[in-house]
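Content type PDB, C-alpha atoms, from the file start29.pdb:
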```pdb
ATOM      1  CA  MET P   1      -5.662  19.710 -19.413
ATOM      2  CA  ASN P   2      -2.401  18.099 -18.330
ATOM      3  CA  GLU P   3      -3.176  14.417 -17.869
ATOM      4  CA  GLN P   4      -0.859  12.247 -15.812
ATOM      5  CA  GLN P   5      -0.868   8.561 -15.057
ATOM      6  CA  TRP P   6       0.487   7.074 -11.848
ATOM      7  CA  SER P   7       0.761   3.324 -11.485
ATOM      8  CA  VAL P   8       0.287   1.192  -8.409
ATOM      9  CA  VAL P   9       1.757  -2.294  -8.439
ATOM     10  CA  VAL P  10       0.558  -4.811  -5.852
ATOM     11  CA  HIS P  11       2.567  -7.892  -4.862
ATOM     12  CA  LEU P  12       1.043 -10.712  -2.818
ATOM     13  CA  ASP P  13       2.872 -13.366  -0.812
ATOM     14  CA  GLU P  14       1.239 -16.249   1.025
ATOM     15  CA  HIS P  15       3.270 -17.834   3.792
ATOM     16  CA  THR P  16       3.191 -19.676   7.099
ATOM     17  CA  ALA P  17       3.688 -17.184   9.906
ATOM     18  CA  ASP P  18       4.497 -19.406  12.890
ATOM     19  CA  GLY P  19       4.692 -22.880  11.435
ATOM     20  CA  SER P  20       0.940 -23.472  11.484
ATOM     21  CA  GLU P  21      -0.985 -20.278  10.737
ATOM     22  CA  MET P  22      -1.107 -19.179   7.106
ATOM     23  CA  SER P  23      -1.174 -15.498   6.192
ATOM     24  CA  VAL P  24      -1.018 -13.318   3.123
ATOM     25  CA  SER P  25       1.058 -10.158   2.820
ATOM     26  CA  ALA P  26       0.533  -7.417   0.270
ATOM     27  CA  ARG P  27       2.809  -4.585  -0.822
ATOM     28  CA  ALA P  28       1.359  -1.696  -2.843
ATOM     29  CA  ARG P  29       3.959   0.452  -4.580
ATOM     30  CA  LEU P  30       3.213   3.814  -6.202
ATOM     31  CA  VAL P  31       5.605   4.370  -9.085
ATOM     32  CA  GLY P  32       6.356   7.516 -11.040
ATOM     33  CA  LEU P  33       5.751  10.248  -8.515
ATOM     34  CA  ASP P  34       8.535  12.562  -9.771
ATOM     35  CA  GLY P  35      11.032   9.775  -9.166
ATOM     36  CA  VAL P  36       9.763   9.106  -5.655
ATOM     37  CA  THR P  37       8.432   5.662  -4.818
ATOM     38  CA  LEU P  38       6.023   5.145  -1.936
ATOM     39  CA  GLU P  39       5.063   1.745  -0.586
ATOM     40  CA  GLY P  40       2.308   0.504   1.686
ATOM     41  CA  ALA P  41       1.985  -2.867   3.382
ATOM     42  CA  GLY P  42      -0.884  -5.002   4.604
ATOM     43  CA  GLN P  43      -1.485  -8.479   6.003
ATOM     44  CA  ALA P  44      -4.369 -10.840   6.616
ATOM     45  CA  ARG P  45      -4.723 -14.334   8.024
ATOM     46  CA  LEU P  46      -5.728 -17.232   5.819
ATOM     47  CA  PHE P  47      -8.339 -18.944   7.970
ATOM     48  CA  ALA P  48      -9.148 -21.701   5.494
ATOM     49  CA  ARG P  49      -7.825 -23.069   2.251
ATOM     50  CA  HIS P  50     -11.285 -22.767   0.678
ATOM     51  CA  SER P  51     -10.967 -20.619  -2.463
ATOM     52  CA  THR P  52     -13.552 -18.060  -1.305
ATOM     53  CA  ALA P  53     -11.828 -17.581   2.055
ATOM     54  CA  VAL P  54      -8.430 -17.261   0.360
ATOM     55  CA  THR P  55      -9.804 -14.655  -2.045
ATOM     56  CA  ILE P  56     -11.278 -12.655   0.833
ATOM     57  CA  SER P  57      -7.988 -12.826   2.748
ATOM     58  CA  ARG P  58      -6.117 -11.561  -0.317
ATOM     59  CA  GLU P  59      -8.606  -8.718  -0.741
ATOM     60  CA  VAL P  60      -8.226  -7.704   2.904
ATOM     61  CA  ALA P  61      -4.414  -7.713   2.651
ATOM     62  CA  VAL P  62      -4.504  -5.617  -0.541
ATOM     63  CA  ALA P  63      -7.029  -3.185   0.963
ATOM     64  CA  ARG P  64      -4.788  -2.725   3.999
ATOM     65  CA  ALA P  65      -1.741  -2.168   1.787
ATOM     66  CA  LEU P  66      -3.608   0.419  -0.282
ATOM     67  CA  ALA P  67      -4.860   2.164   2.865
ATOM     68  CA  ASP P  68      -1.307   2.267   4.220
ATOM     69  CA  LEU P  69      -0.073   3.643   0.885
ATOM     70  CA  SER P  70      -2.823   6.272   0.956
ATOM     71  CA  HIS P  71      -1.803   7.435   4.446
ATOM     72  CA  ARG P  72       1.848   7.601   3.417
ATOM     73  CA  LEU P  73       0.967   9.645   0.309
ATOM     74  CA  LEU P  74      -1.112  12.080   2.380
ATOM     75  CA  ARG P  75       1.723  12.415   4.913
ATOM     76  CA  SER P  76       4.227  13.043   2.109
ATOM     77  CA  ALA P  77       1.987  15.700   0.538
ATOM     78  CA  ALA P  78       1.506  17.412   3.908
ATOM     79  CA  ASP P  79       5.260  17.433   4.516
ATOM     80  CA  GLU P  80       5.912  18.912   1.063
ATOM     81  CA  GLU P  81       3.193  21.515   1.604
ATOM     82  CA  ALA P  82       4.766  22.553   4.911
ATOM     83  CA  VAL P  83       8.190  22.935   3.287
ATOM     84  CA  ALA P  84       6.717  25.005   0.427
ATOM     85  CA  SER P  85       4.792  27.169   2.882
ATOM     86  CA  ARG P  86       7.946  27.894   4.919
ATOM     87  CA  ALA P  87       9.848  28.719   1.727
ATOM     88  CA  ASN P  88       7.114  31.132   0.624
ATOM     89  CA  ARG P  89       7.271  32.895   3.999
ATOM     90  CA  GLY P  90      11.001  33.276   3.656
ATOM     91  CA  GLY P  91      11.869  30.773   6.383
TER      92      GLY P  91
END
```
If you took the structure in this file and wrote it as C-alpha coordinates, what would it be?
Amino acid sequence: MNEQQWSVVVHLDEHTADGSEMSVSARARLVGLDGVTLEGAGQARLFARHSTAVTISREVAVARALADLSHRLLRSAADEEAVASRANRGG
(Lines of atoms letter the chains of each structure in order from A and count residues from 1; the text may use other names and numbers.)
(Lines give C-alpha, C1' and ligand atoms only; values in the text may rest on other atoms or scores of the structure.)
Protein backbone atom coordinates (compact mmCIF):
# COMPACT_ATOMS: atom_id res chain seq x y z
CA MET A 1 0.00 0.00 0.00
CA ASN A 2 1.30 3.44 -0.96
CA GLU A 3 0.33 5.73 1.90
CA GLN A 4 0.25 9.48 1.36
CA GLN A 5 -0.44 12.35 3.69
CA TRP A 6 -1.99 15.62 2.60
CA SER A 7 -2.19 18.51 5.02
CA VAL A 8 -4.88 21.14 5.37
CA VAL A 9 -3.99 24.33 7.19
CA VAL A 10 -6.80 26.59 8.41
CA HIS A 11 -6.31 30.28 9.19
CA LEU A 12 -8.93 32.31 11.04
CA ASP A 13 -9.31 36.09 11.12
CA GLU A 14 -11.85 38.00 13.17
CA HIS A 15 -12.63 41.52 12.02
CA THR A 16 -15.22 44.28 11.84
CA ALA A 17 -16.91 44.17 8.46
CA ASP A 18 -18.68 47.53 8.27
CA GLY A 19 -17.57 49.34 11.39
CA SER A 20 -20.11 47.66 13.67
CA GLU A 21 -20.72 44.05 12.65
CA MET A 22 -18.05 41.53 13.62
CA SER A 23 -17.30 38.55 11.40
CA VAL A 24 -14.83 35.72 11.17
CA SER A 25 -13.13 34.58 7.98
CA ALA A 26 -11.48 31.22 7.44
CA ARG A 27 -9.07 30.05 4.76
CA ALA A 28 -8.43 26.31 4.32
CA ARG A 29 -5.34 25.49 2.28
CA LEU A 30 -4.51 22.02 0.96
CA VAL A 31 -0.75 21.63 0.72
CA GLY A 32 1.31 18.99 -1.03
CA LEU A 33 -0.90 17.96 -3.90
CA ASP A 34 1.96 17.35 -6.38
CA GLY A 35 3.07 20.94 -5.88
CA VAL A 36 -0.42 22.33 -6.41
CA THR A 37 -2.03 24.32 -3.63
CA LEU A 38 -5.80 24.67 -3.41
CA GLU A 39 -7.56 27.09 -1.09
CA GLY A 40 -11.12 27.46 0.12
CA ALA A 41 -12.71 30.37 1.94
CA GLY A 42 -15.59 30.80 4.35
CA GLN A 43 -17.14 33.49 6.52
CA ALA A 44 -19.59 33.77 9.39
CA ARG A 45 -20.98 36.62 11.45
CA LEU A 46 -20.09 37.01 15.10
CA PHE A 47 -23.48 37.72 16.64
CA ALA A 48 -22.25 38.00 20.21
CA ARG A 49 -18.99 38.16 22.08
CA HIS A 50 -20.09 35.28 24.32
CA SER A 51 -17.46 32.52 24.07
CA THR A 52 -19.96 29.86 22.95
CA ALA A 53 -21.32 32.07 20.16
CA VAL A 54 -17.79 32.97 19.03
CA THR A 55 -16.82 29.29 18.95
CA ILE A 56 -19.89 28.44 16.87
CA SER A 57 -19.15 31.30 14.46
CA ARG A 58 -15.57 30.05 14.04
CA GLU A 59 -16.82 26.51 13.41
CA VAL A 60 -19.26 27.73 10.77
CA ALA A 61 -16.55 29.76 9.00
CA VAL A 62 -14.15 26.78 9.01
CA ALA A 63 -16.88 24.41 7.79
CA ARG A 64 -17.65 26.77 4.91
CA ALA A 65 -13.96 27.06 4.03
CA LEU A 66 -13.57 23.28 4.05
CA ALA A 67 -16.70 22.85 1.92
CA ASP A 68 -15.36 25.41 -0.56
CA LEU A 69 -12.00 23.60 -0.61
CA SER A 70 -13.79 20.30 -1.19
CA HIS A 71 -15.69 21.70 -4.19
CA ARG A 72 -12.50 23.16 -5.64
CA LEU A 73 -10.69 19.81 -5.23
CA LEU A 74 -13.54 17.95 -6.95
CA ARG A 75 -13.55 20.49 -9.79
CA SER A 76 -9.77 20.16 -10.18
CA ALA A 77 -10.00 16.35 -10.26
CA ALA A 78 -12.79 16.48 -12.86
CA ASP A 79 -10.76 18.86 -15.02
CA GLU A 80 -7.69 16.60 -14.80
CA GLU A 81 -9.82 13.55 -15.60
CA ALA A 82 -11.22 15.27 -18.70
CA VAL A 83 -7.72 16.17 -19.91
CA ALA A 84 -6.49 12.59 -19.35
CA SER A 85 -9.54 11.18 -21.12
CA ARG A 86 -8.95 13.40 -24.18
CA ALA A 87 -5.28 12.41 -24.22
CA ASN A 88 -6.19 8.71 -24.10
CA ARG A 89 -8.56 9.17 -27.05
CA GLY A 90 -5.82 10.84 -29.03
CA GLY A 91 -7.36 14.31 -28.91
key: Output check: residues returned by the PyMOL selection byres ((chain P and resi 59) around 12), as number ranges by chain   = P: 10-12, 24-26, 42-46, 52-58, 60-66
Would you write out those residues with C-alpha atoms, as a short mmCIF file (atom, residue, chain, number, x, y, z; two decimals), keeping the file's coordinate frame?
```
data_model
loop_
_atom_site.label_atom_id
_atom_site.label_comp_id
_atom_site.auth_asym_id
_atom_site.auth_seq_id
_atom_site.Cartn_x
_atom_site.Cartn_y
_atom_site.Cartn_z
CA VAL P 10 0.56 -4.81 -5.85
CA HIS P 11 2.57 -7.89 -4.86
CA LEU P 12 1.04 -10.71 -2.82
CA VAL P 24 -1.02 -13.32 3.12
CA SER P 25 1.06 -10.16 2.82
CA ALA P 26 0.53 -7.42 0.27
CA GLY P 42 -0.88 -5.00 4.60
CA GLN P 43 -1.48 -8.48 6.00
CA ALA P 44 -4.37 -10.84 6.62
CA ARG P 45 -4.72 -14.33 8.02
CA LEU P 46 -5.73 -17.23 5.82
CA THR P 52 -13.55 -18.06 -1.30
CA ALA P 53 -11.83 -17.58 2.06
CA VAL P 54 -8.43 -17.26 0.36
CA THR P 55 -9.80 -14.66 -2.04
CA ILE P 56 -11.28 -12.66 0.83
CA SER P 57 -7.99 -12.83 2.75
CA ARG P 58 -6.12 -11.56 -0.32
CA VAL P 60 -8.23 -7.70 2.90
CA ALA P 61 -4.41 -7.71 2.65
CA VAL P 62 -4.50 -5.62 -0.54
CA ALA P 63 -7.03 -3.18 0.96
CA ARG P 64 -4.79 -2.72 4.00
CA ALA P 65 -1.74 -2.17 1.79
CA LEU P 66 -3.61 0.42 -0.28
#
```
request  = Please measure the separation of CA of Ala67 (chain P) and CA of Asp13 (chain P), giving the value in Å to one decimal.
outcome  = 17.7 Å
message = Need to verify the contact set: region 70-84 of chain P, 9 Å, all atoms listed in the file, exclusion of same-chain residues closer than 5 positions in sequence. Can you return it as a PyMOL selection string?
response = chain P and resi 38-40+65+89
query = Which one of P:Ser23, P:His15, P:Gln4, P:Asp68 sits closest to Ala41 (chain P) if you count all atoms listed in the file?
reply =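 Checking each candidate against Ala41 (chain P), we get P:Asp68 as the closest.
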inquiry  = Just the number, please: distance in Å from CA of Ser20 (chain P) to CA of Phe47 (chain P), one decimal.
reply    = 10.9 Å
Please, could N, CA, C and O atoms be added to region 15-29 of chain P and the result written as a short mmCIF file (atom, residue, chain, number, x, y, z; two decimals), in the coordinates of the input?
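Result file is out.cif:
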```
data_model
loop_
_atom_site.label_atom_id
_atom_site.label_comp_id
_atom_site.auth_asym_id
_atom_site.auth_seq_id
_atom_site.Cartn_x
_atom_site.Cartn_y
_atom_site.Cartn_z
N HIS P 15 2.24 -17.13 3.04
CA HIS P 15 3.27 -17.83 3.79
C HIS P 15 2.74 -18.32 5.14
O HIS P 15 1.69 -17.89 5.60
N THR P 16 3.51 -19.19 5.76
CA THR P 16 3.19 -19.68 7.10
C THR P 16 3.90 -18.79 8.10
O THR P 16 5.12 -18.65 8.07
N ALA P 17 3.13 -18.17 8.98
CA ALA P 17 3.69 -17.18 9.91
C ALA P 17 4.45 -17.84 11.06
O ALA P 17 5.56 -17.44 11.38
N ASP P 18 3.86 -18.83 11.70
CA ASP P 18 4.50 -19.41 12.89
C ASP P 18 4.60 -20.93 12.80
O ASP P 18 4.64 -21.61 13.81
N GLY P 19 4.61 -21.45 11.61
CA GLY P 19 4.69 -22.88 11.44
C GLY P 19 3.34 -23.54 11.26
O GLY P 19 3.26 -24.66 10.78
N SER P 20 2.26 -22.86 11.64
CA SER P 20 0.94 -23.47 11.48
C SER P 20 -0.09 -22.52 10.87
O SER P 20 -0.94 -22.93 10.11
N GLU P 21 0.00 -21.24 11.21
CA GLU P 21 -0.98 -20.28 10.74
C GLU P 21 -0.54 -19.67 9.41
O GLU P 21 0.56 -19.15 9.29
N MET P 22 -1.41 -19.76 8.41
CA MET P 22 -1.11 -19.18 7.11
C MET P 22 -1.54 -17.71 7.09
O MET P 22 -2.53 -17.34 7.72
N SER P 23 -0.79 -16.89 6.36
CA SER P 23 -1.17 -15.50 6.19
C SER P 23 -0.79 -15.05 4.79
O SER P 23 -0.05 -15.72 4.07
N VAL P 24 -1.34 -13.92 4.42
CA VAL P 24 -1.02 -13.32 3.12
C VAL P 24 -0.57 -11.89 3.38
O VAL P 24 -1.16 -11.17 4.18
N SER P 25 0.52 -11.52 2.72
CA SER P 25 1.06 -10.16 2.82
C SER P 25 0.90 -9.49 1.47
O SER P 25 1.03 -10.13 0.43
N ALA P 26 0.65 -8.19 1.50
CA ALA P 26 0.53 -7.42 0.27
C ALA P 26 1.41 -6.18 0.39
O ALA P 26 1.53 -5.59 1.46
N ARG P 27 2.05 -5.83 -0.71
CA ARG P 27 2.81 -4.58 -0.82
C ARG P 27 2.24 -3.81 -2.00
O ARG P 27 2.13 -4.35 -3.10
N ALA P 28 1.87 -2.57 -1.78
CA ALA P 28 1.36 -1.70 -2.84
C ALA P 28 2.38 -0.59 -3.06
O ALA P 28 2.71 0.14 -2.13
N ARG P 29 2.90 -0.51 -4.28
CA ARG P 29 3.96 0.45 -4.58
C ARG P 29 3.47 1.44 -5.62
O ARG P 29 3.01 1.06 -6.69
#
```
